[in-house]
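Everything below belongs to my_file_30.csv, which stores CSV, C-alpha atoms.
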chain,number,residue,atom,x,y,z
A,243,MET,CA,-1.5,-20.0,-6.8
A,244,THR,CA,-1.3,-22.9,-4.3
A,245,PRO,CA,0.8,-22.5,-1.1
A,246,ASP,CA,3.5,-24.8,-2.6
A,247,GLN,CA,3.6,-22.6,-5.8
A,248,ILE,CA,4.0,-19.5,-3.7
A,249,THR,CA,6.8,-21.0,-1.8
A,250,GLN,CA,8.5,-22.0,-5.0
A,251,ALA,CA,8.0,-18.6,-6.5
A,252,ASN,CA,9.6,-16.9,-3.5
A,253,LYS,CA,12.6,-19.2,-3.8
A,254,GLU,CA,13.0,-18.4,-7.5
A,255,LEU,CA,12.5,-14.6,-7.1
A,256,ARG,CA,14.7,-14.1,-4.0
A,257,GLY,CA,17.7,-12.1,-5.2
A,258,LYS,CA,16.1,-11.1,-8.5
A,259,PRO,CA,16.0,-7.3,-9.3
A,260,PRO,CA,12.7,-5.6,-8.7
A,261,LEU,CA,12.0,-5.0,-12.4
A,262,GLU,CA,12.3,-8.7,-13.0
A,263,ILE,CA,9.9,-9.5,-10.2
A,264,ILE,CA,7.4,-6.9,-11.5
A,265,ARG,CA,7.6,-8.4,-15.0
A,266,TRP,CA,6.9,-11.8,-13.5
A,267,ALA,CA,4.0,-10.5,-11.4
A,268,ILE,CA,2.3,-8.6,-14.2
A,269,GLY,CA,2.7,-11.8,-16.3
A,270,GLN,CA,0.7,-13.7,-13.8
A,271,ALA,CA,-2.1,-11.0,-13.7
A,272,LYS,CA,-3.7,-11.6,-17.1
A,273,GLY,CA,-4.3,-7.9,-17.5
A,274,ARG,CA,-5.6,-7.3,-14.0
A,275,ALA,CA,-2.6,-6.0,-12.0
A,276,ILE,CA,-2.7,-2.9,-9.8
A,277,VAL,CA,-0.2,-1.1,-7.5
A,278,SER,CA,-1.3,0.6,-4.3
A,279,THR,CA,0.3,3.7,-2.8
A,280,ASN,CA,-0.1,6.1,0.1
A,281,PHE,CA,2.6,8.5,-1.1
A,282,ARG,CA,4.7,7.9,2.1
A,283,PRO,CA,8.5,8.1,2.0
A,284,TYR,CA,10.1,6.1,-0.8
A,285,GLU,CA,6.8,5.4,-2.6
A,286,ALA,CA,8.2,7.0,-5.7
A,287,VAL,CA,10.5,4.0,-6.1
A,288,ILE,CA,7.8,1.3,-6.5
A,289,LEU,CA,5.7,3.7,-8.7
A,290,HIS,CA,8.7,4.4,-10.9
A,291,LEU,CA,9.6,0.7,-11.3
A,292,VAL,CA,6.1,-0.5,-11.9
A,293,THR,CA,5.3,2.1,-14.5
A,294,GLN,CA,8.4,1.2,-16.5
A,295,VAL,CA,6.8,-2.3,-17.0
A,296,GLN,CA,3.2,-1.2,-17.4
A,297,PRO,CA,2.8,2.6,-17.8
A,298,ASP,CA,-1.0,2.6,-17.5
A,299,ILE,CA,-1.2,0.3,-14.5
A,300,PRO,CA,-4.0,1.4,-12.1
A,301,VAL,CA,-2.6,3.1,-9.0
A,302,LEU,CA,-5.0,2.7,-6.1
A,303,TRP,CA,-4.7,5.5,-3.5
A,304,VAL,CA,-7.0,5.9,-0.5
A,305,ASP,CA,-7.1,9.7,0.3
A,306,HIS,CA,-8.5,9.5,3.8
A,307,GLY,CA,-8.5,13.3,4.1
A,308,TYR,CA,-5.9,13.5,6.9
A,309,ASN,CA,-2.8,13.8,4.8
A,310,ARG,CA,-0.5,16.7,5.5
A,311,ALA,CA,-0.2,19.5,2.9
A,312,ALA,CA,3.3,18.2,1.9
A,313,THR,CA,1.9,14.8,1.1
A,314,TYR,CA,-0.8,16.2,-1.2
A,315,THR,CA,1.9,18.3,-2.9
A,316,HIS,CA,4.1,15.3,-3.3
A,317,ALA,CA,1.3,13.2,-4.7
A,318,GLU,CA,0.6,15.7,-7.4
A,319,LEU,CA,4.3,16.0,-8.2
A,320,VAL,CA,4.8,12.2,-8.5
A,321,LYS,CA,1.5,11.8,-10.5
A,322,LYS,CA,2.7,14.4,-13.1
A,323,ARG,CA,6.3,13.1,-13.2
A,324,LEU,CA,5.3,9.5,-13.8
A,325,GLN,CA,2.0,10.1,-15.6
A,326,LEU,CA,0.2,7.9,-13.1
A,327,ASN,CA,-3.1,6.3,-13.9
A,328,LEU,CA,-4.2,7.3,-10.4
A,329,LYS,CA,-7.4,5.9,-9.0
A,330,ALA,CA,-8.3,7.8,-5.8
A,331,TYR,CA,-10.9,6.5,-3.4
A,332,LEU,CA,-12.3,8.6,-0.6
A,333,PRO,CA,-14.1,7.6,2.6
A,334,GLU,CA,-17.9,7.9,2.7
A,335,VAL,CA,-17.5,10.7,5.3
A,336,THR,CA,-15.2,13.6,5.1
A,337,ALA,CA,-12.4,14.3,7.7
A,338,ALA,CA,-14.4,17.2,9.0
A,339,HIS,CA,-17.5,15.0,9.4
A,340,TYR,CA,-15.5,12.3,11.3
A,341,ASP,CA,-13.9,14.9,13.5
A,342,ALA,CA,-17.2,16.4,14.5
A,343,ALA,CA,-19.1,13.1,14.9
A,344,PHE,CA,-16.5,10.8,16.3
A,345,GLY,CA,-13.8,12.9,17.9
A,346,GLY,CA,-11.4,12.7,15.0
A,347,MET,CA,-8.1,10.9,14.8
A,348,PRO,CA,-7.4,9.0,18.0
A,349,GLU,CA,-4.1,9.2,20.0
A,350,PRO,CA,-1.9,6.2,19.4
A,351,THR,CA,-2.1,4.6,22.9
A,352,PRO,CA,-2.9,1.1,23.9
A,353,GLU,CA,-6.1,2.4,25.5
A,354,ASN,CA,-7.2,3.7,22.2
A,355,GLU,CA,-6.8,0.5,20.2
A,356,ASP,CA,-10.5,0.1,19.5
A,357,ARG,CA,-10.8,3.7,18.4
A,358,ILE,CA,-7.8,3.4,16.2
A,359,LYS,CA,-9.3,0.3,14.5
A,360,ALA,CA,-12.6,2.0,14.1
A,361,PHE,CA,-10.9,5.1,12.5
A,362,SER,CA,-8.9,2.9,10.2
A,363,THR,CA,-12.0,0.9,9.2
A,364,ALA,CA,-14.1,3.9,8.3
A,365,MET,CA,-11.4,6.1,6.7
A,366,LYS,CA,-9.1,3.6,5.1
A,367,LEU,CA,-10.3,0.0,4.9
A,368,GLU,CA,-13.8,0.8,3.5
A,369,PRO,CA,-12.6,2.9,0.6
A,370,PHE,CA,-9.7,0.5,-0.1
A,371,GLN,CA,-12.1,-2.4,-0.2
A,372,ARG,CA,-14.3,-0.4,-2.6
A,373,GLY,CA,-11.4,0.2,-4.8
A,374,MET,CA,-10.3,-3.4,-4.8
A,375,LYS,CA,-13.8,-4.5,-5.7
A,376,GLU,CA,-14.0,-2.1,-8.6
A,377,LEU,CA,-10.5,-2.7,-9.9
A,378,ALA,CA,-10.8,-6.5,-9.2
A,379,PRO,CA,-7.0,-7.2,-9.4
A,380,THR,CA,-5.6,-10.7,-9.5
A,381,VAL,CA,-2.2,-9.3,-8.6
A,382,TRP,CA,-1.7,-6.5,-6.1
A,383,LEU,CA,1.8,-4.9,-6.2
A,384,THR,CA,2.9,-3.2,-3.0
A,385,ALA,CA,5.8,-1.4,-1.5
A,386,LEU,CA,6.0,-3.6,1.6
A,387,ARG,CA,9.5,-4.1,2.9
A,388,GLN,CA,10.8,-6.5,5.5
A,389,VAL,CA,12.5,-3.8,7.5
A,390,GLN,CA,9.4,-1.6,8.0
A,391,ASN,CA,7.9,-3.3,11.1
A,392,PRO,CA,7.8,-6.6,12.9
A,393,ASN,CA,4.5,-7.7,11.2
A,394,ARG,CA,6.1,-7.5,7.8
A,395,ALA,CA,9.2,-9.4,8.7
A,396,GLY,CA,7.3,-12.7,8.5
A,397,LEU,CA,6.1,-12.1,5.0
A,398,ASP,CA,7.9,-12.6,1.7
A,399,ILE,CA,8.0,-11.3,-1.9
A,400,VAL,CA,4.9,-13.2,-2.9
A,401,SER,CA,2.0,-14.0,-0.5
A,402,GLU,CA,-1.7,-14.8,-0.7
A,403,ASP,CA,-3.8,-11.8,0.5
A,404,LYS,CA,-6.9,-13.3,2.2
A,405,ASN,CA,-8.3,-9.8,3.0
A,406,PHE,CA,-8.7,-8.9,-0.7
A,407,ASN,CA,-8.4,-12.3,-2.4
A,408,SER,CA,-5.5,-11.5,-4.5
A,409,LEU,CA,-1.8,-12.4,-5.0
A,410,LYS,CA,0.2,-9.8,-3.2
A,411,VAL,CA,3.7,-9.1,-4.7
A,412,SER,CA,6.3,-6.9,-3.0
A,413,PRO,CA,9.2,-6.5,-5.4
A,414,LEU,CA,11.2,-4.3,-2.9
A,415,PHE,CA,10.7,-6.6,0.0
A,416,TYR,CA,14.4,-7.2,0.7
A,417,TRP,CA,15.6,-3.7,0.0
A,418,SER,CA,17.0,-1.5,2.7
A,419,ASP,CA,16.5,2.2,3.2
A,420,ALA,CA,19.9,2.7,1.6
A,421,ASP,CA,18.8,0.8,-1.5
A,422,MET,CA,15.7,3.0,-1.7
A,423,GLU,CA,17.8,6.2,-1.3
A,424,LYS,CA,20.1,5.1,-4.0
A,425,HIS,CA,17.3,4.5,-6.5
A,426,LEU,CA,15.7,7.9,-5.7
A,427,ALA,CA,19.1,9.6,-6.3
A,428,GLN,CA,19.9,7.7,-9.5
A,429,HIS,CA,16.6,8.6,-11.1
A,430,HIS,CA,16.1,12.1,-9.6
A,431,LEU,CA,12.9,11.1,-8.0
A,432,PRO,CA,11.2,13.2,-5.2
A,433,ASN,CA,10.7,12.0,-1.7
A,434,GLU,CA,8.3,13.1,1.1
A,435,TRP,CA,9.3,13.0,4.8
A,436,ASP,CA,6.3,14.8,6.3
A,437,TYR,CA,4.0,11.9,5.8
A,438,PHE,CA,1.9,10.6,8.7
A,439,ASP,CA,-0.7,7.8,8.5
A,440,PRO,CA,-3.4,8.4,11.2
A,441,ALA,CA,-5.0,5.0,10.4
A,442,LYS,CA,-1.7,3.3,11.6
A,443,ALA,CA,-0.9,5.7,14.4
A,444,ASP,CA,2.8,4.6,14.6
A,445,GLU,CA,5.3,2.6,12.5
A,446,LYS,CA,5.2,-0.5,14.7
A,447,ARG,CA,1.6,-1.5,14.0
A,448,GLU,CA,-0.6,-2.2,10.9
A,449,CYS,CA,-3.5,-0.1,9.7
A,450,GLY,CA,-5.5,-3.3,8.8
A,451,LEU,CA,-4.8,-3.5,5.1
A,452,HIS,CA,-2.0,-6.1,5.7
A,453,ALA,CA,-3.3,-7.5,9.0
A,454,SER,CA,-5.8,-10.2,9.9
A,455,TRP,CA,-7.9,-7.9,12.0
A,456,GLY,CA,-8.6,-5.8,8.8
A,457,GLY,CA,-10.1,-8.9,7.1
A,458,GLU,CA,-12.3,-9.5,10.2
A,459,LYS,CA,-13.6,-5.9,9.9
A,460,LEU,CA,-14.1,-6.2,6.2
A,461,GLY,CA,-15.9,-9.5,6.6
A,462,ALA,CA,-18.3,-7.8,9.0
A,463,GLY,CA,-19.6,-5.7,6.2
A,464,VAL,CA,-17.4,-2.6,6.3

Would you kindly transcribe this structure into structure tokens?
Amino acid sequence: MTPDQITQANKELRGKPPLEIIRWAIGQAKGRAIVSTNFRPYEAVILHLVTQVQPDIPVLWVDHGYNRAATYTHAELVKKRLQLNLKAYLPEVTAAHYDAAFGGMPEPTPENEDRIKAFSTAMKLEPFQRGMKELAPTVWLTALRQVQNPNRAGLDIVSEDKNFNSLKVSPLFYWSDADMEKHLAQHHLPNEWDYFDPAKADEKRECGLHASWGGEKLGAGV
């Protein structure tokens, strides 16, 4: 889609229910739509909605090996409940290997910014890029929401993703936490509050999947 077409799509989709946005997105994909997940809080909402429209849609998950036990348990529960067509991608090195060779997960401090990016590149960006190359989606459905952090506030429902050369669609972009809680309750869906993303370090920064620096790292041959 051209920038003008994306602008028009956002105008037309603003205020539409997520299911309608998902139907529109999958209609644009010509059979090549995916949804990504990390099984963080509220992820069951997007997975529940997307599988209502396309039950067998590929679900791309990077298992970087640093998830907490509760997140792995939650992932198995949601996979079984929604019959997910889960496509898990792992880094080329294990968490134990990374810990021993590179000192493991860096502390989220400004002084550690380079280490955080190196960690994210090896443990998250590289396997995600591999997954995107193999699945080759034209449309990438995400659970991005405007309220999540300042970087996402400037996005919209539909955007061009230059890191992975796909149309990125975020059907829940304008939903609040209260909206998400309501959907979980209405459909008796599980949630997971023990999630922690070591590749992001904190909720105010991006891990690289949705930031320009990630594209720079990927372009460098990650």

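Minimum atom-to-atom distances from A:Thr384, A:Ser362, A:Ser408, A:Thr315 to Pro260 in chain A were compared using only C-alpha atoms, and the lowest value belongs to A:Thr384.
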
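The space separating CA of Ala311 in chain A from CA of Asp421 in chain A comes to 27.0 Å.
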
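Of note, CA of Lys321 in chain A and CA of Ser401 in chain A are spaced 27.7 Å apart.
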
Requested in this report: Determine, counting all atoms listed in the file, which protein, DNA and RNA residues have an atom within 9 Å of an atom of Gln296 in chain A; residues of the same chain fewer than 3 positions away are not included. Present the result as a ChimeraX atom specification.
Outcome: /A:265,268,292-293,299

Query raised in the report: Nearest to Phe415 in chain A among A:Tyr437, A:Gln388, A:His290, A:Leu431, with distances taken over all atoms listed in the file: which residue is it?
Result: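 Smallest separation from Phe415 in chain A among the options: A:Gln388.
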
Requested in this report: Mind giving me the straight-line distance from CA of Glu262 in chain A to CA of Lys322 in chain A in Å, one decimal?
Outcome: 25.0 Å

Report task. Name the residues in contact with range 345-347 of chain A at a cut-off of 9 Å, using only C-alpha atoms, excluding same-chain residues fewer than 4 positions from it; report them as a list in words. Result ->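 That gives Tyr308, Ala337, Ala338, His339, Tyr340, Asp341, Arg357, Ile358, Phe361, Pro440, Ala441 and Ala443 of chain A.
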
Query - Nearest residue to Ala251 in chain A from the set A:Glu334, A:Glu285, A:Glu376, A:Asp398 (distances using all atoms listed in the file) - result: A:Asp398

Query raised in the report: Which of these, A:Leu328, A:Met365, A:Ile276, A:Leu302, has the shortest distance to Pro379 in chain A once you count all atoms listed in the file?
Result: A:Ile276

Query raised in the report: Can you list, as a PyMOL selection string, every protein, DNA or RNA residue that comes within 12 Å of Leu289 in chain A when you count only C-alpha atoms, leaving out same-chain residues fewer than 2 positions away?
Result: chain A and resi 260-261+264+276-287+291-303+317+320-328+383-385+413-414+425-426+431-433

Query - Given only C-alpha atoms as the counted atoms, nearest of A:Arg372, A:Lys359, A:Lys272, A:Arg310 to Ala330 in chain A - result: A:Arg372

Query - All residues 12 Å or closer to Gln250 in chain A, all atoms listed in the file, same chain fewer than 4 positions away omitted, as a list in words - result: Met243, Thr244, Pro245, Asp246, Glu254, Leu255, Arg256, Asp398, Ile399, Val400 and Ser401 of chain A

Complete the atom set of range 279-297 of chain A to N, CA and C atoms and return it as a compact mmCIF listing (two decimals), in the coordinates of the input.
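Written output follows (part.txt):
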# COMPACT_ATOMS: atom_id res chain seq x y z
N THR A 279 -0.63 2.74 -3.36
CA THR A 279 0.30 3.70 -2.80
C THR A 279 -0.39 4.56 -1.76
N ASN A 280 0.39 5.12 -0.87
CA ASN A 280 -0.10 6.10 0.10
C ASN A 280 0.76 7.38 0.03
N PHE A 281 1.74 7.39 -0.89
CA PHE A 281 2.60 8.50 -1.10
C PHE A 281 3.48 8.81 0.16
N ARG A 282 3.77 7.77 0.92
CA ARG A 282 4.70 7.90 2.10
C ARG A 282 6.12 7.96 1.57
N PRO A 283 7.10 8.12 2.46
CA PRO A 283 8.50 8.10 2.00
C PRO A 283 8.85 6.89 1.19
N TYR A 284 9.59 7.12 0.14
CA TYR A 284 10.10 6.10 -0.80
C TYR A 284 9.08 5.53 -1.75
N GLU A 285 7.82 5.95 -1.68
CA GLU A 285 6.80 5.40 -2.60
C GLU A 285 7.12 5.63 -4.04
N ALA A 286 7.84 6.69 -4.35
CA ALA A 286 8.20 7.00 -5.70
C ALA A 286 8.99 5.84 -6.36
N VAL A 287 9.68 5.06 -5.53
CA VAL A 287 10.50 4.00 -6.10
C VAL A 287 9.62 2.90 -6.70
N ILE A 288 8.65 2.37 -5.97
CA ILE A 288 7.80 1.30 -6.50
C ILE A 288 6.99 1.85 -7.72
N LEU A 289 6.52 3.09 -7.62
CA LEU A 289 5.70 3.70 -8.70
C LEU A 289 6.57 3.84 -9.97
N HIS A 290 7.81 4.26 -9.80
CA HIS A 290 8.70 4.40 -10.90
C HIS A 290 9.00 3.08 -11.59
N LEU A 291 9.27 2.04 -10.79
CA LEU A 291 9.60 0.70 -11.30
C LEU A 291 8.40 0.09 -12.03
N VAL A 292 7.25 0.13 -11.38
CA VAL A 292 6.10 -0.50 -11.90
C VAL A 292 5.63 0.12 -13.25
N THR A 293 5.70 1.44 -13.32
CA THR A 293 5.30 2.10 -14.50
C THR A 293 6.27 1.94 -15.69
N GLN A 294 7.47 1.50 -15.38
CA GLN A 294 8.40 1.20 -16.50
C GLN A 294 7.93 -0.12 -17.16
N VAL A 295 7.31 -1.01 -16.43
CA VAL A 295 6.80 -2.30 -17.00
C VAL A 295 5.45 -2.11 -17.61
N GLN A 296 4.56 -1.42 -16.90
CA GLN A 296 3.20 -1.20 -17.40
C GLN A 296 2.83 0.28 -17.12
N PRO A 297 3.05 1.18 -18.05
CA PRO A 297 2.80 2.60 -17.80
C PRO A 297 1.42 2.98 -17.36
